[in-house]
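input-v3.txt, holding compact mmCIF, C-alpha atoms:
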```txt
# COMPACT_ATOMS: atom_id res chain seq x y z
CA MET A 366 -0.38 15.95 -1.12
CA TRP A 367 -3.19 14.60 0.50
CA ARG A 368 -1.81 12.58 3.36
CA GLN A 369 -1.15 9.60 1.07
CA SER A 370 1.06 11.51 -1.35
CA ALA A 371 4.24 10.23 0.24
CA LEU A 372 3.49 6.91 -1.48
CA ALA A 373 3.49 8.69 -4.84
CA MET A 374 6.78 10.36 -3.98
CA ALA A 375 8.32 7.03 -3.06
CA VAL A 376 7.23 5.44 -6.33
CA ALA A 377 8.59 8.37 -8.32
CA ALA A 378 11.96 8.52 -6.55
CA GLN A 379 14.75 6.58 -8.23
CA VAL A 380 16.57 5.59 -5.04
CA LEU A 381 16.58 2.39 -3.03
CA LEU A 382 16.64 2.69 0.73
CA ALA A 383 18.66 0.04 2.53
CA ALA A 384 16.70 -2.38 4.68
CA ALA A 385 17.87 -3.08 8.20
CA PRO A 386 17.37 -6.15 10.42
CA GLN A 387 14.58 -5.77 12.95
CA PRO A 388 15.14 -6.00 16.71
CA ALA A 389 14.37 -9.38 18.23
CA THR A 390 11.81 -7.81 20.60
CA GLN A 391 9.44 -7.11 17.74
CA PRO A 392 6.41 -9.29 16.99
CA SER A 393 7.34 -11.77 14.26
CA GLN A 394 3.89 -11.90 12.67
CA GLU A 395 1.18 -9.30 12.27
CA ARG A 396 -1.40 -11.62 13.81
CA GLU A 397 0.21 -10.87 17.17
CA LEU A 398 -1.19 -7.34 16.89
CA LEU A 399 -3.93 -7.58 14.24
CA SER A 400 -6.75 -10.12 14.15
CA ARG A 401 -10.01 -10.56 12.23
CA ILE A 402 -8.65 -8.55 9.32
CA ARG A 403 -11.31 -7.69 6.76
CA ARG A 404 -11.53 -5.51 3.68
CA LEU A 405 -14.08 -2.72 3.98
CA THR A 406 -14.19 -1.27 0.46
CA VAL A 407 -14.64 -3.10 -2.83
CA GLU A 408 -16.31 -0.57 -5.10
CA GLY A 409 -14.37 1.66 -7.45
CA ARG A 410 -10.78 1.96 -8.56
CA ARG A 411 -9.24 2.73 -5.16
CA SER A 412 -10.21 3.86 -1.64
CA GLY A 413 -8.30 4.98 1.40
CA GLU A 414 -7.67 7.34 4.29
CA GLY A 415 -10.44 6.22 6.60
CA TYR A 416 -11.01 8.30 9.76
CA TRP A 417 -13.32 7.37 12.62
CA SER A 418 -16.35 9.23 13.87
CA PRO A 419 -15.97 10.13 17.57
CA ASP A 420 -18.43 7.37 18.55
CA GLY A 421 -16.51 4.75 16.56
CA LYS A 422 -19.55 3.78 14.48
CA ARG A 423 -18.59 5.28 11.13
CA LEU A 424 -15.64 6.01 8.88
CA VAL A 425 -15.18 8.91 6.48
CA PHE A 426 -12.91 8.13 3.55
CA GLN A 427 -11.99 8.96 -0.04
CA SER A 428 -12.66 6.80 -3.06
CA GLU A 429 -12.51 6.87 -6.86
CA ARG A 430 -15.90 5.46 -7.81
CA GLU A 431 -17.99 8.21 -9.44
CA GLN A 432 -19.04 7.86 -13.06
CA GLY A 433 -17.71 10.81 -15.01
CA ASN A 434 -15.16 11.71 -12.36
CA PRO A 435 -11.85 9.81 -12.20
CA PHE A 436 -10.76 11.58 -9.01
CA TYR A 437 -11.41 10.99 -5.33
CA GLN A 438 -14.68 11.97 -3.68
CA ILE A 439 -15.54 11.78 0.03
CA TYR A 440 -17.85 9.14 1.53
CA VAL A 441 -19.14 8.11 4.95
CA MET A 442 -19.55 4.42 5.80
CA ASP A 443 -21.81 3.09 8.55
CA LEU A 444 -19.85 0.20 10.04
CA THR A 445 -22.97 -1.56 11.31
CA SER A 446 -25.08 -1.52 8.16
CA GLY A 447 -22.33 -1.10 5.61
CA ASP A 448 -24.25 1.77 4.01
CA VAL A 449 -22.11 4.33 2.18
CA LYS A 450 -23.08 7.88 1.22
CA ARG A 451 -21.19 10.61 -0.61
CA ILE A 452 -20.87 13.94 1.19
CA SER A 453 -18.70 15.84 -1.30
CA THR A 454 -20.16 17.55 -4.37
CA GLY A 455 -19.11 14.94 -6.93
CA MET A 456 -17.13 17.57 -8.83
CA GLY A 457 -13.38 18.09 -8.86
CA LYS A 458 -10.78 16.38 -6.69
CA THR A 459 -11.14 15.79 -2.97
CA THR A 460 -9.05 14.39 -0.13
CA CYS A 461 -8.32 14.37 3.61
CA SER A 462 -11.63 14.17 5.44
CA PHE A 463 -12.17 14.26 9.22
CA PHE A 464 -15.13 14.27 11.63
CA ARG A 465 -15.44 17.31 13.88
CA PRO A 466 -15.96 16.24 17.53
CA HIS A 467 -19.14 17.46 19.25
CA SER A 468 -20.57 18.59 15.90
CA ASP A 469 -22.40 17.53 12.74
CA GLU A 470 -19.54 18.78 10.58
CA ILE A 471 -17.00 16.88 8.50
CA LEU A 472 -14.09 18.65 6.87
CA PHE A 473 -12.37 17.71 3.64
CA SER A 474 -10.36 19.39 0.90
CA SER A 475 -11.72 19.93 -2.58
CA THR A 476 -11.16 21.67 -5.92
CA HIS A 477 -14.86 21.78 -6.83
CA ALA A 478 -14.78 25.61 -6.90
CA ASP A 479 -12.17 25.56 -9.67
CA PRO A 480 -13.84 26.50 -13.01
CA LYS A 481 -11.53 24.01 -14.72
CA SER A 482 -12.69 21.03 -12.66
CA LYS A 483 -14.94 19.55 -15.34
CA GLN A 484 -12.28 20.03 -18.01
CA LEU A 485 -9.64 18.30 -15.90
CA GLN A 486 -11.97 15.37 -15.26
CA GLU A 487 -12.68 14.95 -18.98
CA GLU A 488 -8.98 15.16 -19.84
CA GLU A 489 -8.13 12.46 -17.32
CA LEU A 490 -10.93 10.20 -18.53
CA ALA A 491 -9.78 10.64 -22.13
CA PHE A 492 -6.21 9.76 -21.13
CA ARG A 493 -7.34 6.57 -19.44
CA ALA A 494 -9.58 5.66 -22.37
CA SER A 495 -6.59 5.98 -24.72
CA GLY A 496 -5.01 2.94 -23.11
CA LYS A 497 -1.97 4.87 -21.94
CA GLU A 498 -0.73 4.37 -18.42
CA ARG A 499 1.33 6.37 -15.95
CA ARG A 500 2.45 5.85 -12.39
CA TYR A 501 0.03 7.07 -9.77
CA SER A 502 1.00 10.49 -8.42
CA TRP A 503 -0.57 13.31 -6.47
CA ASP A 504 -0.49 16.71 -8.15
CA TYR A 505 -0.86 19.10 -5.20
CA ASP A 506 -3.52 21.09 -7.02
CA PRO A 507 -3.17 24.81 -6.08
CA GLU A 508 -6.98 25.13 -6.22
CA MET A 509 -7.39 22.66 -3.34
CA ASP A 510 -9.12 24.30 -0.37
CA ILE A 511 -10.59 23.11 2.93
CA TYR A 512 -14.37 22.89 3.43
CA ALA A 513 -16.66 21.94 6.30
CA PHE A 514 -19.82 20.00 5.43
CA ASN A 515 -22.74 19.92 7.87
CA GLU A 516 -24.42 16.51 7.75
CA LYS A 517 -27.58 17.81 9.42
CA THR A 518 -28.22 20.85 7.19
CA GLY A 519 -26.26 19.93 4.07
CA ALA A 520 -24.50 23.29 4.19
CA MET A 521 -20.96 23.57 2.88
CA LYS A 522 -18.60 26.23 4.24
CA ARG A 523 -15.31 27.16 2.63
CA LEU A 524 -12.59 27.62 5.28
CA THR A 525 -9.53 28.53 3.19
CA THR A 526 -9.23 30.77 0.13
CA ALA A 527 -5.48 31.38 -0.30
CA ARG A 528 -4.10 30.17 -3.62
CA GLY A 529 -2.00 27.07 -3.10
CA TYR A 530 -2.69 23.55 -1.93
CA ASP A 531 -4.57 23.53 1.42
CA ALA A 532 -5.27 19.98 2.63
CA GLU A 533 -4.27 17.25 5.10
CA ALA A 534 -6.49 18.84 7.73
CA SER A 535 -7.79 17.44 11.03
CA TYR A 536 -9.61 18.72 14.12
CA SER A 537 -8.41 19.00 17.70
CA PRO A 538 -10.11 16.67 20.21
CA ASP A 539 -12.36 19.50 21.41
CA GLY A 540 -13.33 20.38 17.83
CA GLN A 541 -12.20 24.00 18.18
CA TRP A 542 -9.04 23.95 16.05
CA ILE A 543 -7.90 22.63 12.67
CA VAL A 544 -4.30 21.82 11.83
CA PHE A 545 -3.41 21.47 8.14
CA SER A 546 -0.69 21.58 5.51
CA SER A 547 -0.43 24.37 2.96
CA MET A 548 1.77 25.35 0.03
CA ARG A 549 0.39 28.91 -0.08
CA ASP A 550 3.79 30.46 0.59
CA ALA A 551 4.94 29.48 -2.89
CA TYR A 552 2.03 31.41 -4.42
CA GLY A 553 1.93 34.41 -2.10
CA ARG A 554 5.34 35.93 -2.79
CA ALA A 555 7.89 36.41 -5.56
CA LEU A 556 10.02 33.29 -6.03
CA THR A 557 13.66 33.16 -7.00
CA PRO A 558 14.44 31.34 -10.28
CA ALA A 559 15.61 28.33 -8.25
CA GLU A 560 12.40 28.34 -6.20
CA GLN A 561 10.28 28.63 -9.34
CA LYS A 562 12.01 25.59 -10.81
CA GLN A 563 11.45 23.74 -7.51
CA LEU A 564 7.75 24.63 -7.62
CA GLU A 565 7.46 23.24 -11.14
CA THR A 566 9.22 19.97 -10.32
CA ASP A 567 8.13 19.36 -6.71
CA PRO A 568 5.58 21.77 -5.21
CA SER A 569 5.40 19.71 -2.02
CA TYR A 570 8.79 21.17 -1.06
CA PHE A 571 6.92 24.33 -0.01
CA ALA A 572 4.39 22.63 2.27
CA GLU A 573 4.27 23.89 5.86
CA ILE A 574 2.02 23.23 8.86
CA TYR A 575 -0.68 25.78 9.72
CA ILE A 576 -3.37 26.05 12.37
CA MET A 577 -6.74 27.83 12.37
CA ARG A 578 -9.94 27.96 14.34
CA ALA A 579 -12.72 25.60 13.28
CA ASP A 580 -14.53 28.46 11.51
CA GLY A 581 -11.46 29.22 9.38
CA SER A 582 -10.35 32.31 11.29
CA GLY A 583 -6.96 32.96 12.86
CA GLN A 584 -4.88 31.10 10.27
CA LYS A 585 -1.27 30.89 11.48
CA ARG A 586 1.85 29.24 10.13
CA LEU A 587 3.64 26.91 12.57
CA THR A 588 6.66 25.54 10.66
CA ASN A 589 9.34 27.19 8.56
CA VAL A 590 11.78 24.51 7.44
CA ALA A 591 12.82 23.57 3.89
CA GLY A 592 11.11 20.37 2.76
CA TYR A 593 7.60 18.94 2.92
CA ASP A 594 5.83 19.27 6.28
CA GLY A 595 2.44 17.59 6.19
CA GLY A 596 -0.07 15.06 7.48
CA PRO A 597 -0.61 16.75 10.86
CA PHE A 598 -2.88 15.42 13.62
CA PHE A 599 -3.48 16.41 17.21
CA ASN A 600 -2.57 13.87 19.86
CA HIS A 601 -5.17 12.27 22.14
CA ASP A 602 -5.54 15.26 24.48
CA GLY A 603 -4.79 18.10 22.08
CA THR A 604 -1.55 19.13 23.78
CA ARG A 605 0.71 18.17 20.84
CA ILE A 606 0.61 18.11 17.06
CA ILE A 607 2.15 15.07 15.36
CA TRP A 608 3.24 15.22 11.71
CA ARG A 609 5.89 14.05 9.27
CA ARG A 610 8.70 16.10 7.79
CA PHE A 611 10.62 15.29 4.61
CA ASP A 612 14.22 16.36 4.15
CA GLU A 613 15.08 18.69 1.28
CA SER A 614 15.74 15.76 -1.07
CA GLY A 615 12.21 14.44 -0.57
CA LEU A 616 13.55 10.92 0.02
CA ILE A 617 13.75 10.71 3.82
CA ALA A 618 10.89 11.55 6.18
CA ASN A 619 10.51 11.26 9.93
CA VAL A 620 7.83 11.72 12.56
CA PHE A 621 7.84 14.93 14.62
CA SER A 622 5.73 16.52 17.33
CA MET A 623 5.31 20.08 18.62
CA ASN A 624 3.08 22.24 20.77
CA PRO A 625 -0.01 23.70 19.06
CA ASP A 626 1.75 27.09 18.94
CA GLY A 627 4.68 25.63 17.00
CA THR A 628 7.15 25.53 19.90
CA ASP A 629 9.08 22.60 21.38
CA VAL A 630 9.61 20.69 18.15
CA LYS A 631 10.77 17.11 18.77
CA GLN A 632 11.90 14.47 16.28
CA LEU A 633 10.38 11.12 17.26
CA THR A 634 11.96 8.83 14.66
CA ASP A 635 15.34 8.65 12.95
CA PHE A 636 14.57 5.65 10.82
CA GLY A 637 16.67 6.40 7.72
CA ALA A 638 13.65 5.85 5.47
CA MET A 639 10.41 7.44 4.32
CA SER A 640 8.32 7.39 7.50
CA TRP A 641 4.99 9.21 7.43
CA ALA A 642 1.23 9.14 8.19
CA PRO A 643 1.70 9.12 12.00
CA TYR A 644 -1.37 8.80 14.23
CA GLU A 645 -1.33 8.47 18.01
CA HIS A 646 -3.16 5.65 19.78
CA PRO A 647 -5.89 7.08 22.07
CA SER A 648 -4.00 5.75 25.09
CA GLY A 649 -1.31 8.33 24.35
CA GLU A 650 1.36 5.63 24.76
CA TYR A 651 2.50 5.18 21.17
CA ILE A 652 2.19 6.36 17.58
CA ILE A 653 1.46 4.13 14.58
CA PHE A 654 2.95 5.18 11.24
CA ALA A 655 3.99 3.84 7.82
CA SER A 656 7.52 3.42 6.48
CA ASN A 657 9.38 1.87 3.57
CA LYS A 658 12.28 0.92 5.84
CA LEU A 659 12.14 -2.66 4.58
CA GLY A 660 12.05 -1.96 0.86
CA PHE A 661 11.69 0.83 -1.66
CA GLU A 662 8.05 0.17 -2.56
CA ASN A 663 7.15 -1.99 0.43
CA PHE A 664 5.43 0.22 2.98
CA GLU A 665 4.67 -1.42 6.32
CA LEU A 666 3.08 -0.17 9.52
CA PHE A 667 5.30 0.47 12.53
CA MET A 668 4.74 1.95 15.98
CA VAL A 669 6.94 4.02 18.27
CA ASP A 670 6.55 5.32 21.81
CA SER A 671 5.02 8.82 21.92
CA GLN A 672 8.25 10.35 23.22
CA GLY A 673 10.34 8.78 20.46
CA THR A 674 12.87 7.30 22.86
CA ARG A 675 12.87 3.76 21.43
CA GLU A 676 13.27 2.01 18.12
CA PRO A 677 10.06 1.56 16.08
CA VAL A 678 8.29 -1.80 16.23
CA ARG A 679 7.00 -3.50 13.09
CA VAL A 680 3.23 -4.09 12.86
CA THR A 681 2.36 -5.44 9.38
CA TYR A 682 3.99 -8.18 7.30
CA SER A 683 2.49 -7.86 3.83
CA ASP A 684 4.20 -7.05 0.54
CA GLY A 685 3.08 -3.87 -1.18
CA PHE A 686 1.50 -0.92 0.59
CA ASP A 687 0.23 -0.70 4.16
CA GLY A 688 -0.23 2.84 5.40
CA LEU A 689 -2.46 5.58 6.82
CA PRO A 690 -3.21 3.76 10.10
CA VAL A 691 -5.96 5.16 12.34
CA PRO A 692 -6.91 3.53 15.67
CA SER A 693 -10.55 3.56 16.72
CA PRO A 694 -11.59 5.95 19.51
CA ASP A 695 -11.63 3.07 22.01
CA GLY A 696 -8.21 1.88 20.83
CA ARG A 697 -9.43 -1.67 20.09
CA GLN A 698 -9.56 -1.55 16.28
CA LEU A 699 -7.33 -0.27 13.50
CA ALA A 700 -8.37 1.05 10.10
CA TRP A 701 -5.72 1.44 7.42
CA THR A 702 -5.15 1.52 3.66
CA SER A 703 -3.56 -1.50 2.01
CA SER A 704 -2.88 -3.05 -1.37
CA ARG A 705 -2.81 -6.56 0.15
CA SER A 706 -5.94 -7.52 -1.79
CA GLY A 707 -3.93 -7.42 -5.02
CA GLY A 708 -2.91 -4.79 -7.53
CA ALA A 709 -1.31 -1.43 -6.85
CA ALA A 710 -4.44 0.44 -5.75
CA GLY A 711 -5.23 0.64 -2.06
CA GLN A 712 -8.45 -0.26 -0.27
CA LEU A 713 -9.66 0.21 3.30
CA PHE A 714 -9.08 -2.58 5.80
CA LEU A 715 -10.21 -3.06 9.40
CA ALA A 716 -8.83 -5.30 12.16
CA GLN A 717 -9.04 -5.89 15.87
CA TRP A 718 -6.03 -4.30 17.60
CA ASN A 719 -4.19 -5.88 20.51
CA HIS A 720 -3.33 -2.85 22.62
CA GLU A 721 -1.82 -4.84 25.46
CA LYS A 722 0.57 -6.65 23.11
CA ALA A 723 1.42 -3.39 21.36
CA LEU A 724 2.20 -1.67 24.64
CA GLU A 725 4.42 -4.54 25.70
CA ALA A 726 6.31 -4.50 22.40
CA VAL A 727 6.85 -0.74 22.47
CA ARG A 728 8.09 -0.78 26.06
CA ASN A 729 10.50 -3.64 25.28
CA ALA A 730 11.93 -2.03 22.16
CA PRO A 731 15.61 -1.01 22.36
CA PRO A 732 16.62 2.66 22.75
CA ARG A 733 16.51 4.69 19.56
CA LYS A 734 19.69 4.80 17.52
CA PRO A 735 20.43 7.49 14.94
CA ALA A 736 20.10 6.27 11.37
CA LYS A 737 23.33 5.57 9.53
CA LYS A 738 24.17 8.38 7.13
```

So that I can check it, write out the structure of this file as structure tokens.
Amino acid sequence: MWRQSALAMAVAAQVLLAAAPQPATQPSQERELLSRIRRLTVEGRRSGEGYWSPDGKRLVFQSEREQGNPFYQIYVMDLTSGDVKRISTGMGKTTCSFFRPHSDEILFSSTHADPKSKQLQEEELAFRASGKERRYSWDYDPEMDIYAFNEKTGAMKRLTTARGYDAEASYSPDGQWIVFSSMRDAYGRALTPAEQKQLETDPSYFAEIYIMRADGSGQKRLTNVAGYDGGPFFNHDGTRIIWRRFDESGLIANVFSMNPDGTDVKQLTDFGAMSWAPYEHPSGEYIIFASNKLGFENFELFMVDSQGTREPVRVTYSDGFDGLPVPSPDGRQLAWTSSRSGGAAGQLFLAQWNHEKALEAVRNAPPRKPAKK
């Protein structure tokens, strides 16, 4: 997946997750935490996964809006002027962009080097033109690799070459490291018949967390657990990696953290639902994430203390999809992807964030209880 693929997995799964009553300490309306909500993207079929520039003046995001290409491309938005420019090639599929601190580089994942890219685009366009419809899903393209684009020179550098999906990448706060998710293990060794069947039905099962230097060197695997490990980010000071791990069934996911060398793994949520897309607030006090705890296809934003000692606190109150939350560098705004504007496709939204209220709510939340099995 790109980081949003958990939504596709939830829609595809034929299981309902039981909702649970929320603790009384939680805010009862999202306006207690979010104010001045506005939609940032209107062009194209869908947009999402917006990540802030280090100075808080721009967002880099993905959007389906190119003529002749039905797949995501990567764009940068100036939040002052509203100007938007594409930085990806316009060919193939792209996802998971991120600004490199102290640099002119932006990373993202792309399949533009795949000789079949044009053919796949034309096949998808023909399918849509036929009037047929299918549920949105992410295909974990094995030709997806990570690239770094230099805004100043226009140069594009390929950072990964292993066959298998390489995506969901982000930089460390000092810009020297990249953490990412990869399914390369499923393509780099002989699979058993059971594993081959698993790859054909759900390739995300083989996703693990990796780390590498910003130039692509020193690639190292950090996790080795059955089930999808993905969506990793460094915390505010680079001392921990935060990500989400699915169980082997692909139906339950929780938020985890570990040291950058893969040691000291800690489970931060036990929510009994599909909880994913975690991102730490720059204060280091809490993590904001998405979960369908309240309904099979109703993803809401929640937050939990960074040590995972308390029950998550609900943030959004809107039917449909709210996910991929990213606080601004100063911690006073929140960008996220939502379908609240209507329809199933997501768009980027921006709001003022009440950090003081959030901190109060997190500190007043009850101690974490294990999910009922």

Quiz item: Could you state the separation of atom CA of Arg528 of chain A and atom CA of Ala478 of chain A in Å, given to one decimal place?
Solution: 12.1 Å

Exercise. Give as a VMD selection string the set of residues within 8 Å of the point (4.5, 6.8, 19.5), where distances use the file's coordinates and all atoms listed in the file.
Key: chain A and resid 633 645 to 646 649 to 653 668 to 673

Practice problem: May I ask which of the residues A:Ala726, A:Ala591, A:Ala700, A:Ala618 is the closest one to Tyr644 of chain A, counting all atoms listed in the file? | Solution: A:Ala700

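Of the listed residues A:Pro480, A:Pro466, A:Pro694, A:Gly455, the one whose atoms come nearest to Tyr536 of chain A is A:Pro466, with distances taken using all atoms listed in the file.
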
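When atom CA of Gln438 of chain A is paired with atom CA of Val425 of chain A, their separation reads 10.6 Å.
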
Exercise. Identify which of the residues A:Phe654, A:Phe661, A:Tyr682, A:Phe514 lies closest to Trp701 of chain A, counting all atoms listed in the file when measuring atom-to-atom distances.
Key: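 For Trp701 of chain A, the nearest of the candidates is A:Phe654.
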
Quiz item: Excluding same-chain residues fewer than 2 positions from Asp539 of chain A, what lies within 8 Å of it counting all atoms listed in the file, as a list in words?
Solution: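 The filter keeps Pro466, His467, Tyr536, Ser537, Gln541, Trp542 and Gly603 of chain A.
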
Nearby residues, (-3.2, -2.6, 8.1) file frame, 7 Å, only C-alpha atoms, as a PDB file with C-alpha atoms, keeping the file's coordinate frame:
```
ATOM      1  CA  LEU A 666       3.080  -0.170   9.520  1.00  0.00           C
ATOM      2  CA  THR A 681       2.360  -5.440   9.380  1.00  0.00           C
ATOM      3  CA  ASP A 687       0.230  -0.700   4.160  1.00  0.00           C
ATOM      4  CA  GLY A 688      -0.230   2.840   5.400  1.00  0.00           C
ATOM      5  CA  PRO A 690      -3.210   3.760  10.100  1.00  0.00           C
ATOM      6  CA  ALA A 700      -8.370   1.050  10.100  1.00  0.00           C
ATOM      7  CA  TRP A 701      -5.720   1.440   7.420  1.00  0.00           C
ATOM      8  CA  THR A 702      -5.150   1.520   3.660  1.00  0.00           C
ATOM      9  CA  SER A 703      -3.560  -1.500   2.010  1.00  0.00           C
ATOM     10  CA  PHE A 714      -9.080  -2.580   5.800  1.00  0.00           C
TER      11      PHE A 714
END
```

Quiz item: Between atom CA of Leu689 of chain A and atom CA of Gly592 of chain A, what is the distance, to one decimal in Å?
Solution: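 Answer for the atom CA of Leu689 of chain A to atom CA of Gly592 of chain A separation: 20.5 Å.
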
Since the input is missing atoms for segment 508-516 of chain A, could you rebuild it with all heavy atoms and give the result as an mmCIF file, keeping the file's coordinate frame?
```cif
data_model
loop_
_atom_site.group_PDB
_atom_site.id
_atom_site.type_symbol
_atom_site.label_atom_id
_atom_site.label_comp_id
_atom_site.auth_asym_id
_atom_site.auth_seq_id
_atom_site.Cartn_x
_atom_site.Cartn_y
_atom_site.Cartn_z
ATOM 1 N N GLU A 508 -5.589 24.715 -6.456
ATOM 2 C CA GLU A 508 -6.980 25.130 -6.220
ATOM 3 C C GLU A 508 -7.628 24.323 -5.098
ATOM 4 O O GLU A 508 -8.825 24.479 -4.832
ATOM 5 C CB GLU A 508 -7.795 24.972 -7.511
ATOM 6 C CG GLU A 508 -7.244 25.754 -8.695
ATOM 7 C CD GLU A 508 -7.098 27.240 -8.399
ATOM 8 O OE1 GLU A 508 -7.983 27.799 -7.710
ATOM 9 O OE2 GLU A 508 -6.099 27.832 -8.837
ATOM 10 N N MET A 509 -6.860 23.482 -4.430
ATOM 11 C CA MET A 509 -7.390 22.660 -3.340
ATOM 12 C C MET A 509 -7.581 23.521 -2.087
ATOM 13 O O MET A 509 -6.651 24.156 -1.617
ATOM 14 C CB MET A 509 -6.430 21.505 -3.047
ATOM 15 C CG MET A 509 -6.940 20.489 -2.047
ATOM 16 S SD MET A 509 -8.205 19.387 -2.712
ATOM 17 C CE MET A 509 -7.209 18.254 -3.714
ATOM 18 N N ASP A 510 -8.812 23.560 -1.584
ATOM 19 C CA ASP A 510 -9.120 24.300 -0.370
ATOM 20 C C ASP A 510 -9.891 23.423 0.612
ATOM 21 O O ASP A 510 -10.430 22.369 0.245
ATOM 22 C CB ASP A 510 -9.944 25.555 -0.691
ATOM 23 C CG ASP A 510 -9.068 26.700 -1.161
ATOM 24 O OD1 ASP A 510 -8.169 27.107 -0.404
ATOM 25 O OD2 ASP A 510 -9.271 27.190 -2.295
ATOM 26 N N ILE A 511 -9.951 23.870 1.861
ATOM 27 C CA ILE A 511 -10.590 23.110 2.930
ATOM 28 C C ILE A 511 -12.025 23.584 3.129
ATOM 29 O O ILE A 511 -12.291 24.787 3.183
ATOM 30 C CB ILE A 511 -9.794 23.257 4.244
ATOM 31 C CG1 ILE A 511 -8.366 22.736 4.030
ATOM 32 C CG2 ILE A 511 -10.471 22.485 5.372
ATOM 33 C CD1 ILE A 511 -7.437 23.044 5.191
ATOM 34 N N TYR A 512 -12.944 22.617 3.244
ATOM 35 C CA TYR A 512 -14.370 22.890 3.430
ATOM 36 C C TYR A 512 -14.892 22.121 4.639
ATOM 37 O O TYR A 512 -14.344 21.080 5.005
ATOM 38 C CB TYR A 512 -15.166 22.443 2.190
ATOM 39 C CG TYR A 512 -14.867 23.237 0.945
ATOM 40 C CD1 TYR A 512 -13.744 22.969 0.174
ATOM 41 C CD2 TYR A 512 -15.726 24.263 0.533
ATOM 42 C CE1 TYR A 512 -13.467 23.698 -0.980
ATOM 43 C CE2 TYR A 512 -15.462 24.996 -0.616
ATOM 44 C CZ TYR A 512 -14.331 24.710 -1.359
ATOM 45 O OH TYR A 512 -14.063 25.436 -2.497
ATOM 46 N N ALA A 513 -15.958 22.648 5.227
ATOM 47 C CA ALA A 513 -16.660 21.940 6.300
ATOM 48 C C ALA A 513 -18.086 21.679 5.837
ATOM 49 O O ALA A 513 -18.812 22.607 5.468
ATOM 50 C CB ALA A 513 -16.657 22.766 7.577
ATOM 51 N N PHE A 514 -18.477 20.404 5.841
ATOM 52 C CA PHE A 514 -19.820 20.000 5.430
ATOM 53 C C PHE A 514 -20.643 19.647 6.656
ATOM 54 O O PHE A 514 -20.197 18.890 7.521
ATOM 55 C CB PHE A 514 -19.736 18.785 4.498
ATOM 56 C CG PHE A 514 -21.063 18.167 4.166
ATOM 57 C CD1 PHE A 514 -21.915 18.773 3.263
ATOM 58 C CD2 PHE A 514 -21.458 16.979 4.768
ATOM 59 C CE1 PHE A 514 -23.145 18.204 2.953
ATOM 60 C CE2 PHE A 514 -22.685 16.410 4.478
ATOM 61 C CZ PHE A 514 -23.526 17.025 3.562
ATOM 62 N N ASN A 515 -21.847 20.208 6.749
ATOM 63 C CA ASN A 515 -22.740 19.920 7.870
ATOM 64 C C ASN A 515 -23.698 18.812 7.466
ATOM 65 O O ASN A 515 -24.526 18.981 6.570
ATOM 66 C CB ASN A 515 -23.512 21.177 8.266
ATOM 67 C CG ASN A 515 -24.290 20.984 9.560
ATOM 68 O OD1 ASN A 515 -25.159 20.130 9.665
ATOM 69 N ND2 ASN A 515 -23.968 21.791 10.567
ATOM 70 N N GLU A 516 -23.573 17.647 8.104
ATOM 71 C CA GLU A 516 -24.420 16.510 7.750
ATOM 72 C C GLU A 516 -25.890 16.777 8.024
ATOM 73 O O GLU A 516 -26.764 16.248 7.329
ATOM 74 C CB GLU A 516 -23.986 15.267 8.534
ATOM 75 C CG GLU A 516 -22.698 14.646 8.081
ATOM 76 C CD GLU A 516 -22.489 13.291 8.710
ATOM 77 O OE1 GLU A 516 -22.092 13.248 9.893
ATOM 78 O OE2 GLU A 516 -22.747 12.275 8.030
#
```
